[in-house]
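Next comes target.tsv, a file with TSV, C-alpha atoms.
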chain	number	residue	atom	x	y	z
A	3	MET	CA	31.37	75.81	86.45
A	4	ARG	CA	34.03	77.56	88.47
A	5	GLY	CA	34.18	74.51	90.80
A	6	LYS	CA	34.69	72.16	87.85
A	7	ARG	CA	37.55	74.33	86.54
A	8	LEU	CA	39.18	74.25	89.96
A	9	LEU	CA	38.92	70.45	90.11
A	10	VAL	CA	40.45	70.18	86.64
A	11	LEU	CA	43.28	72.55	87.63
A	12	LEU	CA	43.96	70.57	90.79
A	13	ALA	CA	43.92	67.32	88.83
A	14	PHE	CA	46.49	68.83	86.45
A	15	LEU	CA	48.74	70.18	89.20
A	16	MET	CA	48.58	67.19	91.56
A	17	PRO	CA	51.18	65.09	89.71
A	18	ILE	CA	53.51	68.10	89.72
A	19	PHE	CA	53.09	68.50	93.50
A	20	ILE	CA	53.72	64.79	93.98
A	21	LEU	CA	56.82	64.85	91.77
A	22	ALA	CA	58.12	67.96	93.54
A	23	GLY	CA	57.57	66.28	96.89
A	24	CYS	CA	59.39	63.15	95.72
A	25	SER	CA	62.25	65.24	94.36
A	26	SER	CA	62.50	67.13	97.65
A	27	ASN	CA	62.59	63.87	99.61
A	28	LYS	CA	65.25	62.48	97.30
A	29	ASP	CA	67.34	65.63	97.69
A	30	SER	CA	67.10	65.45	101.46
A	31	GLU	CA	68.14	61.79	101.39
A	32	THR	CA	71.26	62.55	99.37
A	33	GLN	CA	72.16	65.21	101.91
A	34	LYS	CA	72.45	62.64	104.70
A	35	LEU	CA	75.70	61.01	105.70
A	36	PRO	CA	75.85	57.30	104.86
A	37	ASN	CA	75.43	54.71	107.60
A	38	SER	CA	78.70	52.92	106.85
A	39	TYR	CA	81.78	53.15	104.65
A	40	LYS	CA	80.55	50.15	102.68
A	41	SER	CA	77.29	51.90	101.85
A	42	ALA	CA	79.23	55.09	101.02
A	43	LEU	CA	81.30	53.20	98.43
A	44	LYS	CA	78.17	51.76	96.85
A	45	GLU	CA	76.27	55.05	96.80
A	46	ALA	CA	79.22	57.09	95.49
A	47	LYS	CA	80.02	54.94	92.47
A	48	GLY	CA	79.58	56.88	89.26
A	49	GLU	CA	79.42	60.26	91.02
A	50	THR	CA	81.68	63.35	90.93
A	51	VAL	CA	83.02	64.72	94.22
A	52	THR	CA	84.47	68.23	94.55
A	53	TYR	CA	87.43	69.10	96.76
A	54	TYR	CA	87.87	72.75	97.68
A	55	GLY	CA	91.21	73.74	99.15
A	56	PHE	CA	94.08	76.19	99.07
A	57	GLY	CA	95.49	76.04	95.56
A	58	GLY	CA	98.78	77.83	96.15
A	59	SER	CA	100.85	74.71	96.77
A	60	ASP	CA	102.03	73.12	93.53
A	61	THR	CA	103.21	69.99	95.33
A	62	GLN	CA	99.88	69.60	97.14
A	63	ASN	CA	97.98	69.99	93.87
A	64	LEU	CA	100.25	67.47	92.16
A	65	TRP	CA	99.62	64.93	94.94
A	66	ILE	CA	95.85	65.27	94.54
A	67	ASP	CA	96.02	65.11	90.73
A	68	LYS	CA	98.57	62.30	90.37
A	69	VAL	CA	97.90	60.16	93.45
A	70	VAL	CA	94.43	60.75	94.90
A	71	THR	CA	92.49	61.29	91.65
A	72	PRO	CA	93.55	57.94	90.09
A	73	MET	CA	92.74	56.15	93.37
A	74	MET	CA	89.24	57.63	93.30
A	75	LYS	CA	88.85	56.71	89.63
A	76	ASP	CA	89.63	53.09	90.53
A	77	LYS	CA	86.61	53.27	92.87
A	78	GLY	CA	84.41	54.57	90.06
A	79	ILE	CA	84.36	58.15	91.38
A	80	THR	CA	85.47	61.32	89.59
A	81	LEU	CA	87.40	63.86	91.68
A	82	LYS	CA	87.22	67.55	90.79
A	83	ARG	CA	89.79	69.79	92.52
A	84	VAL	CA	88.82	73.46	92.94
A	85	PRO	CA	91.56	75.83	94.23
A	86	MET	CA	90.11	78.43	96.58
A	87	ASP	CA	91.30	80.18	99.74
A	88	ILE	CA	89.44	79.36	102.94
A	89	ASP	CA	88.05	82.87	103.43
A	90	THR	CA	86.25	82.65	100.09
A	91	ILE	CA	85.08	79.12	100.89
A	92	LEU	CA	83.54	80.21	104.20
A	93	ASN	CA	81.95	83.28	102.60
A	94	LYS	CA	80.30	81.10	99.96
A	95	LEU	CA	79.04	78.59	102.53
A	96	THR	CA	77.71	81.40	104.74
A	97	THR	CA	75.95	83.02	101.78
A	98	GLU	CA	74.35	79.69	100.87
A	99	LYS	CA	73.09	79.26	104.42
A	100	GLU	CA	71.68	82.79	104.57
A	101	ALA	CA	69.93	82.18	101.24
A	102	GLY	CA	68.35	79.01	102.64
A	103	LYS	CA	70.09	76.73	100.13
A	104	THR	CA	70.22	73.06	101.06
A	105	SER	CA	72.73	72.03	98.39
A	106	GLY	CA	75.88	73.56	96.95
A	107	ASN	CA	78.99	72.76	94.95
A	108	MET	CA	81.42	71.92	97.76
A	109	ASP	CA	81.75	68.34	99.02
A	110	VAL	CA	85.03	68.40	100.95
A	111	VAL	CA	86.94	71.44	102.23
A	112	TRP	CA	90.42	71.87	103.73
A	113	ILE	CA	90.12	73.74	107.02
A	114	ASN	CA	91.56	74.29	110.50
A	115	GLY	CA	92.02	76.68	113.40
A	116	GLU	CA	90.01	79.86	113.62
A	117	ASN	CA	88.27	79.02	110.34
A	118	PHE	CA	86.97	75.79	111.81
A	119	TYR	CA	85.86	77.64	114.93
A	120	ASN	CA	83.84	80.05	112.77
A	121	ALA	CA	82.41	77.32	110.53
A	122	LYS	CA	81.33	75.31	113.55
A	123	LYS	CA	79.77	78.34	115.24
A	124	LEU	CA	77.80	79.15	112.08
A	125	GLY	CA	76.65	75.54	111.67
A	126	LEU	CA	78.16	75.12	108.20
A	127	LEU	CA	79.54	71.59	108.56
A	128	ALA	CA	77.94	68.15	108.34
A	129	GLY	CA	78.31	65.64	111.13
A	130	PRO	CA	78.88	63.60	113.05
A	131	VAL	CA	81.57	62.11	110.80
A	132	LYS	CA	82.58	59.43	113.29
A	133	SER	CA	85.72	57.35	112.87
A	134	SER	CA	83.55	54.31	112.11
A	135	LEU	CA	82.77	55.99	108.77
A	136	ILE	CA	86.49	56.47	108.03
A	137	PRO	CA	88.27	53.08	108.32
A	138	ASN	CA	91.74	54.60	107.84
A	139	MET	CA	91.14	56.97	110.73
A	140	GLN	CA	90.23	54.03	112.96
A	141	LYS	CA	93.30	52.12	111.80
A	142	TYR	CA	95.96	54.80	112.06
A	143	MET	CA	94.81	57.40	114.60
A	144	ASP	CA	94.42	57.44	118.35
A	145	PRO	CA	90.91	58.76	119.15
A	146	ASN	CA	92.33	60.35	122.32
A	147	ASP	CA	95.08	62.24	120.51
A	148	PRO	CA	94.61	65.94	121.48
A	149	ASP	CA	94.76	66.98	117.82
A	150	VAL	CA	92.03	64.48	116.97
A	151	THR	CA	89.67	65.79	119.63
A	152	LYS	CA	90.49	69.51	119.47
A	153	ASP	CA	91.48	71.94	116.73
A	154	MET	CA	93.35	74.82	118.34
A	155	SER	CA	91.35	74.32	121.55
A	156	THR	CA	87.99	74.08	119.71
A	157	PRO	CA	86.32	70.67	120.27
A	158	VAL	CA	86.13	68.86	116.94
A	159	ASP	CA	82.89	67.02	117.81
A	160	HIS	CA	83.20	64.79	114.72
A	161	LEU	CA	82.87	67.75	112.33
A	162	GLU	CA	86.30	67.39	110.72
A	163	ILE	CA	88.91	64.68	110.13
A	164	PRO	CA	92.71	65.13	110.54
A	165	TYR	CA	94.42	65.45	107.17
A	166	GLY	CA	98.00	66.66	107.66
A	167	ASN	CA	100.51	67.19	110.44
A	168	ALA	CA	102.38	70.48	110.85
A	169	GLN	CA	104.99	71.37	113.47
A	170	LEU	CA	107.36	74.29	113.72
A	171	VAL	CA	111.00	73.39	113.12
A	172	MET	CA	114.02	75.61	113.20
A	173	ILE	CA	116.60	75.23	110.43
A	174	GLY	CA	120.09	76.27	111.42
A	175	SER	CA	123.30	76.79	109.48
A	176	LYS	CA	125.86	74.20	110.55
A	177	SER	CA	128.75	76.49	109.68
A	178	MET	CA	127.37	79.59	111.40
A	179	PHE	CA	126.26	77.81	114.58
A	180	LYS	CA	129.28	75.48	114.48
A	181	GLY	CA	126.97	72.61	115.46
A	182	ASP	CA	125.82	74.26	118.71
A	183	TYR	CA	122.20	75.10	117.91
A	184	PRO	CA	120.17	77.45	120.15
A	185	THR	CA	117.64	74.94	121.50
A	186	SER	CA	115.99	77.34	123.95
A	187	ALA	CA	114.97	80.98	124.14
A	188	ASP	CA	117.85	81.68	126.54
A	189	LYS	CA	120.42	80.13	124.18
A	190	LEU	CA	118.92	82.04	121.28
A	191	MET	CA	119.28	85.33	123.17
A	192	THR	CA	122.89	84.57	124.10
A	193	TRP	CA	123.82	83.70	120.51
A	194	ALA	CA	122.05	86.77	119.10
A	195	LYS	CA	123.98	89.10	121.40
A	196	ALA	CA	127.26	87.44	120.44
A	197	ASN	CA	126.41	87.51	116.70
A	198	PRO	CA	124.42	90.70	116.04
A	199	GLY	CA	122.53	90.96	112.77
A	200	LYS	CA	122.54	87.21	112.09
A	201	LEU	CA	119.03	86.32	113.25
A	202	THR	CA	115.53	87.46	112.32
A	203	TYR	CA	112.03	86.09	111.78
A	204	VAL	CA	109.16	86.81	109.41
A	205	ALA	CA	106.74	89.49	110.56
A	206	PRO	CA	103.24	88.32	111.48
A	207	PRO	CA	100.61	87.74	110.21
A	208	ASP	CA	102.81	85.31	108.25
A	209	PHE	CA	101.90	82.01	109.90
A	210	THR	CA	105.54	80.90	110.37
A	211	GLY	CA	106.57	84.16	112.04
A	212	SER	CA	103.44	84.03	114.16
A	213	ALA	CA	104.24	80.45	115.22
A	214	PHE	CA	107.79	81.47	116.21
A	215	ILE	CA	106.38	84.21	118.45
A	216	ARG	CA	104.00	81.73	120.09
A	217	ASN	CA	106.93	79.43	120.68
A	218	ILE	CA	108.78	82.24	122.45
A	219	ILE	CA	105.66	82.76	124.59
A	220	TYR	CA	105.64	79.05	125.47
A	221	GLU	CA	109.34	79.29	126.37
A	222	THR	CA	109.01	82.38	128.53
A	223	VAL	CA	105.61	82.07	130.23
A	224	GLY	CA	104.39	78.58	129.30
A	225	TYR	CA	101.55	77.15	127.24
A	226	LYS	CA	99.19	76.75	130.18
A	227	LYS	CA	99.21	80.41	131.17
A	228	LEU	CA	98.51	81.49	127.61
A	229	ASN	CA	95.86	78.81	127.14
A	230	ASP	CA	94.11	79.81	130.40
A	231	ALA	CA	94.18	83.54	129.60
A	232	PRO	CA	90.89	85.12	128.54
A	233	ALA	CA	90.66	85.68	124.78
A	234	THR	CA	90.75	89.46	125.17
A	235	LYS	CA	93.48	91.92	124.32
A	236	GLU	CA	93.89	92.92	127.97
A	237	GLY	CA	93.87	89.33	129.20
A	238	VAL	CA	96.42	88.09	126.68
A	239	TYR	CA	98.69	91.13	127.13
A	240	LYS	CA	98.83	90.62	130.89
A	241	VAL	CA	100.05	87.05	130.39
A	242	ILE	CA	102.50	87.53	127.51
A	243	LYS	CA	104.15	90.78	128.59
A	244	PRO	CA	107.37	88.93	129.63
A	245	SER	CA	107.47	87.41	126.14
A	246	LEU	CA	107.06	90.81	124.50
A	247	ASP	CA	109.86	92.07	126.75
A	248	TYR	CA	112.05	89.19	125.52
A	249	LEU	CA	111.32	90.04	121.89
A	250	ASN	CA	112.17	93.68	122.57
A	251	GLU	CA	115.41	92.69	124.30
A	252	ILE	CA	116.57	90.59	121.35
A	253	LYS	CA	115.32	93.13	118.79
A	254	PRO	CA	118.49	95.34	118.56
A	255	TYR	CA	120.59	92.24	117.85
A	256	LEU	CA	118.45	91.07	114.94
A	257	TRP	CA	119.02	91.74	111.24
A	258	GLN	CA	118.67	95.49	110.55
A	259	GLN	CA	118.58	96.00	114.36
A	260	GLY	CA	114.98	94.81	114.29
A	261	LYS	CA	113.88	98.00	112.55
A	262	THR	CA	112.39	95.87	109.80
A	263	TYR	CA	111.55	92.19	109.35
A	264	PRO	CA	111.26	89.89	106.33
A	265	LYS	CA	107.70	90.04	105.00
A	266	THR	CA	107.53	86.52	103.55
A	267	THR	CA	108.95	83.07	104.19
A	268	ALA	CA	110.45	83.16	100.68
A	269	GLN	CA	112.45	86.27	101.62
A	270	LEU	CA	113.77	84.62	104.79
A	271	ASP	CA	114.57	81.43	102.87
A	272	LYS	CA	116.78	83.39	100.47
A	273	MET	CA	118.48	85.27	103.31
A	274	PHE	CA	119.23	81.95	105.00
A	275	ALA	CA	120.45	80.32	101.80
A	276	ASP	CA	122.78	83.31	101.23
A	277	HIS	CA	124.06	83.09	104.84
A	278	GLN	CA	122.81	86.57	105.67
A	279	VAL	CA	121.16	84.95	108.69
A	280	ALA	CA	121.90	81.73	110.54
A	281	MET	CA	118.37	80.45	111.05
A	282	ASP	CA	115.16	79.78	109.14
A	283	PHE	CA	111.78	78.40	110.23
A	284	SER	CA	109.09	76.21	108.75
A	285	TYR	CA	105.79	74.58	109.71
A	286	ASN	CA	106.75	71.67	107.42
A	287	GLN	CA	108.92	69.25	109.38
A	288	MET	CA	110.56	68.11	106.13
A	289	TYR	CA	111.22	71.60	104.77
A	290	ALA	CA	115.02	71.33	104.87
A	291	ALA	CA	114.74	68.18	102.74
A	292	THR	CA	112.40	69.73	100.18
A	293	GLN	CA	114.58	72.86	99.87
A	294	LYS	CA	117.68	70.72	99.54
A	295	GLN	CA	115.96	68.66	96.83
A	296	ASP	CA	115.11	71.87	94.95
A	297	GLY	CA	118.68	73.12	95.22
A	298	GLN	CA	117.72	76.06	97.44
A	299	PHE	CA	119.52	74.77	100.57
A	300	THR	CA	122.75	72.82	100.85
A	301	ASP	CA	123.84	70.20	103.37
A	302	ASP	CA	124.68	73.16	105.63
A	303	ALA	CA	120.98	73.33	106.64
A	304	GLN	CA	120.11	71.33	109.78
A	305	SER	CA	116.63	71.08	111.31
A	306	PHE	CA	116.21	71.18	115.08
A	307	VAL	CA	113.59	72.00	117.72
A	308	PHE	CA	113.66	73.63	121.12
A	309	ASP	CA	114.36	71.33	124.07
A	310	LYS	CA	110.95	72.16	125.56
A	311	GLY	CA	109.28	71.53	122.22
A	312	THR	CA	107.68	73.45	119.38
A	313	VAL	CA	104.12	74.32	118.48
A	314	GLY	CA	102.27	71.94	116.20
A	315	ASN	CA	98.81	71.52	114.77
A	316	PHE	CA	96.82	69.47	112.30
A	317	ASN	CA	94.91	70.60	109.27
A	318	TYR	CA	91.62	68.88	108.58
A	319	LEU	CA	89.01	67.87	106.05
A	320	ALA	CA	85.33	68.68	106.57
A	321	ILE	CA	82.08	68.10	104.70
A	322	PRO	CA	79.78	71.11	104.28
A	323	LYS	CA	76.14	70.63	105.19
A	324	THR	CA	75.25	71.65	101.65
A	325	SER	CA	77.36	68.89	100.05
A	326	LYS	CA	75.38	67.03	97.39
A	327	GLN	CA	77.74	64.04	97.46
A	328	LYS	CA	78.30	63.18	101.10
A	329	ALA	CA	78.90	59.49	100.36
A	330	ALA	CA	81.59	60.34	97.80
A	331	ALA	CA	83.01	62.86	100.29
A	332	ILE	CA	83.42	60.07	102.87
A	333	VAL	CA	85.21	57.92	100.29
A	334	LEU	CA	87.49	60.81	99.31
A	335	ILE	CA	88.49	61.52	102.92
A	336	ASN	CA	89.20	57.85	103.59
A	337	THR	CA	91.24	57.63	100.37
A	338	MET	CA	93.30	60.69	101.28
A	339	LEU	CA	94.06	59.05	104.64
A	340	SER	CA	95.06	55.70	103.15
A	341	GLU	CA	98.57	54.38	103.71
A	342	LYS	CA	99.20	54.47	99.96
A	343	ALA	CA	98.23	58.14	99.62
A	344	GLN	CA	99.94	59.29	102.81
A	345	THR	CA	103.16	57.41	101.98
A	346	ALA	CA	103.23	59.08	98.57
A	347	ARG	CA	102.67	62.44	100.26
A	348	LEU	CA	105.94	61.97	102.15
A	349	SER	CA	107.79	62.15	98.85
A	350	LEU	CA	109.71	65.36	98.21
A	351	LYS	CA	107.91	65.47	94.86
A	352	TYR	CA	104.63	65.99	96.70
A	353	GLY	CA	105.89	68.37	99.38
A	354	ALA	CA	107.04	65.84	102.00
A	355	VAL	CA	103.98	66.40	104.21
A	356	VAL	CA	103.94	64.33	107.42
A	357	SER	CA	100.78	62.28	107.90
A	358	PRO	CA	98.38	62.85	110.81
A	359	TYR	CA	98.80	59.22	111.91
A	360	SER	CA	99.52	58.69	115.59
A	361	ALA	CA	103.22	57.96	116.11
A	362	ASP	CA	102.58	54.53	117.65
A	363	LYS	CA	100.21	53.55	114.81
A	364	MET	CA	102.29	54.79	111.88
A	365	PRO	CA	103.38	51.96	109.56
A	366	SER	CA	107.06	51.13	109.96
A	367	ALA	CA	107.76	51.86	106.27
A	368	MET	CA	106.59	55.45	106.77
A	369	THR	CA	108.56	55.85	110.00
A	370	ASP	CA	111.67	54.48	108.29
A	371	LYS	CA	111.22	56.91	105.40
A	372	LEU	CA	111.00	59.86	107.78
A	373	ASN	CA	113.97	58.72	109.82
A	374	ASN	CA	115.96	58.12	106.64
A	375	SER	CA	115.40	61.78	105.80
A	376	ASP	CA	117.02	62.59	109.15
A	377	ASP	CA	120.18	60.89	107.90
A	378	THR	CA	120.14	62.18	104.33
A	379	SER	CA	118.51	65.62	104.59
A	380	ASN	CA	119.20	66.73	108.18
A	381	THR	CA	115.59	66.59	109.43
A	382	VAL	CA	114.37	65.63	112.91
A	383	PRO	CA	113.37	61.98	113.58
A	384	VAL	CA	109.60	61.46	113.72
A	385	ASN	CA	109.61	60.11	117.28
A	386	ASP	CA	111.60	63.11	118.49
A	387	LEU	CA	109.10	65.43	116.81
A	388	ALA	CA	106.20	63.63	118.46
A	389	LYS	CA	107.82	63.93	121.90
A	390	LYS	CA	108.53	67.64	121.37
A	391	ARG	CA	105.12	68.57	119.95
A	392	LEU	CA	103.30	71.33	121.86
A	393	PRO	CA	99.57	72.07	121.46
A	394	GLU	CA	98.14	75.15	119.81
A	395	VAL	CA	96.19	77.77	121.72
A	396	SER	CA	92.74	78.87	120.67
A	397	GLY	CA	92.61	80.31	117.18
A	398	LYS	CA	90.80	83.31	118.70
A	399	LYS	CA	94.00	84.32	120.53
A	400	ILE	CA	96.36	84.20	117.57
A	401	PRO	CA	95.24	87.49	115.93
A	402	ILE	CA	95.34	89.11	119.39
A	403	ILE	CA	98.95	88.01	119.87
A	404	GLU	CA	99.86	89.31	116.41
A	405	GLN	CA	98.29	92.69	117.15
A	406	LEU	CA	100.09	92.96	120.49
A	407	TRP	CA	103.40	92.13	118.77
A	408	LYS	CA	102.76	94.86	116.22
A	409	GLU	CA	101.95	97.44	118.90
A	410	HIS	CA	104.54	96.53	121.53
A	411	VAL	CA	107.47	95.17	119.47
A	412	LEU	CA	107.32	96.29	115.83
A	413	ASN	CA	106.20	99.83	116.66
A	414	ALA	CA	107.91	100.11	120.05
A	415	ASP	CA	110.20	103.14	120.46
What does this structure look like when you write it as structure tokens?
Amino acid sequence: MRGKRLLVLLAFLMPIFILAGCSSNKDSETQKLPNSYKSALKEAKGETVTYYGFGGSDTQNLWIDKVVTPMMKDKGITLKRVPMDIDTILNKLTTEKEAGKTSGNMDVVWINGENFYNAKKLGLLAGPVKSSLIPNMQKYMDPNDPDVTKDMSTPVDHLEIPYGNAQLVMIGSKSMFKGDYPTSADKLMTWAKANPGKLTYVAPPDFTGSAFIRNIIYETVGYKKLNDAPATKEGVYKVIKPSLDYLNEIKPYLWQQGKTYPKTTAQLDKMFADHQVAMDFSYNQMYAATQKQDGQFTDDAQSFVFDKGTVGNFNYLAIPKTSKQKAAAIVLINTMLSEKAQTARLSLKYGAVVSPYSADKMPSAMTDKLNNSDDTSNTVPVNDLAKKRLPEVSGKKIPIIEQLWKEHVLNAD
């Protein structure tokens, strides 16, 4: 009797086991990357794809909502934008992995630098997302471009796709510099000593202030020495000590004698606009144009770069392993990298973000638009920027440099 009951129970449960097994197989299939962009388009139709990224930029959000979302809708795909800082994103993905989850809510994330290094180390990202899956990457990017193959010295290994181009530019006051801009660390020191109190920079860990300090390191000891240094406090200090000495030498000639520094880029922007200081900085090559458009800067603001170049990096898009809509994620990334979307992104309305296209593959209409901004808004021509672009060091070294600056410059006697 007991045996018969067991057989009946098994007969009742068997369809459930089979259905569960089928469901599991189906779930695992949807977790795979598509074989081609054509199959991704077909599979993604009718689906909703989620984009998780920093939500603090109104112009970036507007670009996604007004440009990218309608383009996705035309492909039969709904785009949901979720504003979230990258630390929270990585914490959620890590928690999902530790809980053994195979699917989550994030399909595409905005990432770069040390955050990518950590995500890669923890195995949080799907791949390989080869350029053959992203037609616009194949069309507009050089596969051998250093920023395509490495993200702040971390090999990309097809785990992320370039999304935007950032490069440090200096913005000088024409009237205060009288047209003779300090295009080297030596010239900057000479001008500071002759014009005390008229220069400063934002205190790290603000990313613009941190980038300026790295640029001074490149000027004084060179990128290679810093790049080759071990990623330890002792190793980095040994290499950058001459740079810290430079920053201490210029310190008494800065605003407030270097006893304090602006805490935010917004504070420095206002000081520059009010002519309290002669120079501002930005990681957005078109920043002078956007500020001029907003009425914050006048025609007195002129962008320039150091003769030896300035530090630049890309930001990227990646697909989490737990993405439930990897096909739609592929379509979204390709759409964001389309000429239509990237040309719109150059508009001041959308933040005037320079595309990650290789300079020799950039459509002439986009190049002309950038160079036109050089004439009308005092920015630097795109080809000049490309020639003066210097690579980033490992993201692991950046917090070390910031800590050494705090100890040996900010808190120096």
Practice item. Identify which of the residues A:Met143, A:Ala46, A:Val110, A:Leu201 lies closest to Ala128 (chain A), counting only C-alpha atoms when measuring atom-to-atom distances. Key: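 The answer is A:Val110, which sits nearest to Ala128 (chain A).
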Specify the axis-aligned box that encloses all atoms of region 53-68 of chain A listed in the file after padding of 4 Å on each side, stating its centre and edge lengths in Å to one decimal as AutoDock Vina command-line options.
--center_x 95.3 --center_y 70.1 --center_z 94.8 --size_x 23.8 --size_y 23.5 --size_z 16.8
Practice item. Within 10 Å of Ile136 (chain A), counting all atoms listed in the file, which residues show up once you throw out same-chain ones fewer than 6 positions away? Write them as a ChimeraX atom specification, please. Key: /A:38-39,163,332-337,339-340
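For Lys226 (chain A), the list of residues within 12 Å, based on only C-alpha atoms and with local chain neighbours fewer than 5 positions off taken out, reads Ser155, Ile219, Tyr220, Glu221, Ala231, Pro232, Val241, Ile242, Leu392, Pro393, Glu394, Val395 and Ser396 of chain A.
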Exercise for review: Could you check how far CA of Pro207 (chain A) sits from CA of Trp257 (chain A), in Å to one decimal?
Suggested key: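 Here the two named atoms are 18.9 Å from each other.
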Exercise for review: Please provide the set of residues having any atom within 12 Å of Gln327 (chain A), restricted to only C-alpha atoms, with same-chain residues fewer than 5 positions apart removed, written as an MDAnalysis selection string.
Suggested key: chainID A and resid 29:36 42:43 45:53 79:81 105:110 128 321:322 332:334
Revision key, fill the gap. Separating CA of Trp112 (chain A) from CA of Gly314 (chain A), to the nearest tenth of an Å, is a gap of 17.2 Å
Point to revise | Atomic distance CA of Met288 (chain A) - CA of Val171 (chain A), expressed in Å with one decimal | key: 8.8 Å
Check your understanding: With distances taken over only C-alpha atoms, which of A:Asn114, A:Thr104, A:Gln405, A:Asn37 is nearest to Asn317 (chain A)?
Key ->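 For Asn317 (chain A), the nearest of the given residues is A:Asn114.
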Review point. Out of A:Ser379, A:Thr345, A:Thr71, A:Asn413, which residue has the shortest atom-to-atom distance to Lys261 (chain A) when counting all atoms listed in the file?
Key: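 Comparing A:Ser379, A:Thr345, A:Thr71, A:Asn413 against Lys261 (chain A), the winner is A:Asn413.
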Check your understanding: Which of these, A:Tyr142, A:Phe118, A:Tyr289, A:Tyr318, has the shortest distance to Leu348 (chain A) once you count all atoms listed in the file?
Key -> A:Tyr289
Point to revise | Using all atoms listed in the file: which of A:Gly237, A:Gly224, A:Gly311, A:Gly174 has the shortest distance to Phe274 (chain A) | key: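 So, comparing all the options, the nearest one is A:Gly174.
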Review point. Looking at only C-alpha atoms, which of A:Gln269, A:Thr202, A:Asn380, A:Thr312 is the one that sits closest to Thr185 (chain A)?
Key: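 For Thr185 (chain A), the nearest of the given residues is A:Thr312.
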Check your understanding: Taking (104.6, 53.8, 110.9) in the file's coordinates as the center, which residues reach within 12 Å of it, counting all atoms listed in the file, put as number ranges by chain?
Key -> A: 141-143, 341, 344-345, 356-373, 384-385
Review point. Quick one: residues within 8 Å of Thr156 (chain A), only C-alpha atoms counted, chain neighbours fewer than 2 positions away excluded, as a list in words?
Key: Gly115, Tyr119, Lys152, Asp153, Met154, Val158 and Ser396 of chain A
So that I can check the surroundings of Asp60 (chain A), please list as a compact mmCIF listing (two decimals) with C-alpha atoms, in the coordinates of the input every protein, DNA and RNA residue that reaches within 10 Å of it, counting only C-alpha atoms and ignoring chain neighbours fewer than 6 positions away.
# COMPACT_ATOMS: atom_id res chain seq x y z
CA LYS A 351 107.91 65.47 94.86
CA TYR A 352 104.63 65.99 96.70
CA GLY A 353 105.89 68.37 99.38
